[in-house]
Amino acid sequence: MRVGVVGGGLMGSGIAEVCARSGVDVTVVEVDDVRAERTRGAIDRSLGRGVRSGKLSEEDKTGALERLAVTTTLEDLDGVDAAIEAVIEDEQLKRDVFRRLDSLLPDARFLASNTSSVPIMKLGAETKHPGRVIGMHFFNPVPVLPLVELVTSIMTEPGTVDAAREFAQGTLGKQCIDSQDRAGFVVNALLIPYLLSAIRMYESGFASKEDIDRGMELGCAHPMGPLRLSDLIGLDTLLAVSQSLYEEFRDPSSVAPALLNRMVEAGLLGRKSGRGFYDYSSN
């Protein structure tokens, strides 16, 4: 099987790595040579961590890298069996990607989006074959977390769901849950209001960021507190999902706190920028 991944950022590189580790030939499309090289380097380093931890052998790493190609030309995906879009949470950009993929890949089994906020029907509407468009929402870090949300629009065909499920579970070894096509799907519809509430608590001075995080880790057995988790997700992504949730449901719990807006405007996006609620510049 050969799969295309559009976007080589945090999620796209993780998806590509899992595909390559699972014996799938994968081609990642990035916007320029600099980002393409960055994507290949990120996957190489992640595979190296797998070797050092004993989860992969050197042969596994070598094989995975041999199955990986990184390009800056979307047309290099010609002939892939399936494509997964993993660009930034920009609805218009995602629409454009699906319009181009639909034209380029008339025989693909499915076209999937890793979006955490954009309705799948909006992406399917950009294609001539909306029945083969589905949401496949992976979770960060993709090589570690086992979950994939399968999100079906009112037009997604049963055969598309079956193909995506078999790929996620049978090929990649993930576990799937099903969601209707509504903002936030299952996990983020529950998670985002919780994270925003933690930011409001910190913003108000009610408690320190360390105590908020330790409270949820030690009192509720969460592996990571809400502010560190927000940094891991990316504060720009958190903001985009919160805006999508509020647009659809008008629930005050989904309104982004002013602090979150200011941090995104300042480029303090969390781990990926080196600083968010915590400083990662020395990592």
# chains A, B, ... in the order shown; residues from 1 in each chain; ligands from 1
>>> select_by_dssp(residues="region 124-173 of chain A", states="alpha helix (DSSP H)", output="JSON, numbers by chain")
{"A": [124, 158, 159, 160, 161, 162, 163, 164, 165]}
>>> write_last_selection(atoms="C-alpha atoms", output="compact mmCIF listing (two decimals), in the first residue's frame")
# COMPACT_ATOMS: atom_id res chain seq x y z
CA GLY A 124 -16.29 16.69 0.96
CA PRO A 158 -19.93 2.69 4.12
CA GLY A 159 -17.13 1.35 1.95
CA THR A 160 -15.03 4.41 2.77
CA VAL A 161 -15.55 3.85 6.49
CA ASP A 162 -14.59 0.19 6.14
CA ALA A 163 -11.44 1.04 4.20
CA ALA A 164 -10.36 3.72 6.67
CA ARG A 165 -11.06 1.49 9.66
>>> residues_around(residues="Arg182 (chain A)", least_positions_apart="4", cutoff="9 Å", atoms="only C-alpha atoms", output="JSON, numbers by chain")
{"A": [117, 118, 119, 120, 151, 153, 186, 189, 245, 248]}
>>> closest_residue(among="A:Asp251, A:Asp236, A:Glu30, A:Asp279", to="Val264 (chain A)", atoms="only C-alpha atoms")
A:Asp236
>>> closest_residue(among="A:Ser113, A:Ser208, A:Thr156, A:Ser197", to="Gln180 (chain A)", atoms="only C-alpha atoms")
A:Thr156
>>> closest_residue(among="A:Ala125, A:Leu260, A:Val144, A:Val70", to="Gly50 (chain A)", atoms="only C-alpha atoms")
A:Val144
>>> atom_distance(atom1="CA of Ala183 (chain A)", atom2="CA of Ser116 (chain A)")
7.9 Å
>>> atom_distance(atom1="CA of Val24 (chain A)", atom2="CA of Ser57 (chain A)")
17.4 Å
>>> closest_atom_pairs(of="region 223-252 of chain A", to="region 1-22 of chain A", cutoff="12 Å", atoms="only C-alpha atoms", output="Markdown table")
| residue | atom | partner | partner_atom | distance |
| --- | --- | --- | --- | --- |
| A:Leu232 | CA | A:Leu10 | CA | 10.1 |
| A:Ile233 | CA | A:Leu10 | CA | 9.4 |
| A:Gly234 | CA | A:Leu10 | CA | 9.7 |
| A:Thr237 | CA | A:Met11 | CA | 11.4 |
>>> residues_around(residues="Leu111 (chain A)", least_positions_apart="5", cutoff="7 Å", atoms="only C-alpha atoms", output="number ranges by chain")
A: 82-84, 132-134
>>> residues_around(residues="Gly173 (chain A)", least_positions_apart="5", cutoff="9 Å", atoms="only C-alpha atoms", output="number ranges by chain")
A: 22, 146, 167-168
>>> write_last_selection(atoms="N, CA, C and O atoms", output="PDB file, in the first residue's frame")
ATOM      1  N   SER A  22       4.821   0.799   9.856  1.00  0.00           N
ATOM      2  CA  SER A  22       3.853  -0.286   9.676  1.00  0.00           C
ATOM      3  C   SER A  22       3.981  -0.962   8.317  1.00  0.00           C
ATOM      4  O   SER A  22       3.118  -1.757   7.931  1.00  0.00           O
ATOM      5  N   PRO A 146      -2.838   5.550  20.859  1.00  0.00           N
ATOM      6  CA  PRO A 146      -3.446   4.547  19.988  1.00  0.00           C
ATOM      7  C   PRO A 146      -4.735   4.955  19.304  1.00  0.00           C
ATOM      8  O   PRO A 146      -5.229   4.241  18.439  1.00  0.00           O
ATOM      9  N   PHE A 167      -7.527   0.292   7.496  1.00  0.00           N
ATOM     10  CA  PHE A 167      -6.196   0.902   7.435  1.00  0.00           C
ATOM     11  C   PHE A 167      -5.719   1.289   8.828  1.00  0.00           C
ATOM     12  O   PHE A 167      -4.590   0.967   9.221  1.00  0.00           O
ATOM     13  N   ALA A 168      -6.565   1.981   9.587  1.00  0.00           N
ATOM     14  CA  ALA A 168      -6.160   2.449  10.912  1.00  0.00           C
ATOM     15  C   ALA A 168      -5.915   1.289  11.861  1.00  0.00           C
ATOM     16  O   ALA A 168      -4.914   1.260  12.589  1.00  0.00           O
TER      17      ALA A 168
END
>>> select_by_dssp(residues="region 15-123 of chain A", states="strand (DSSP E or B)", output="ChimeraX atom specification")
/A:25-29,68-71,82-85,110-113
>>> atom_distance(atom1="CA of Glu265 (chain A)", atom2="CA of Leu239 (chain A)")
10.8 Å
>>> closest_residue(among="A:Asn188, A:Thr72, A:Met263, A:Glu58", to="Thr39 (chain A)", atoms="only C-alpha atoms")
A:Thr72
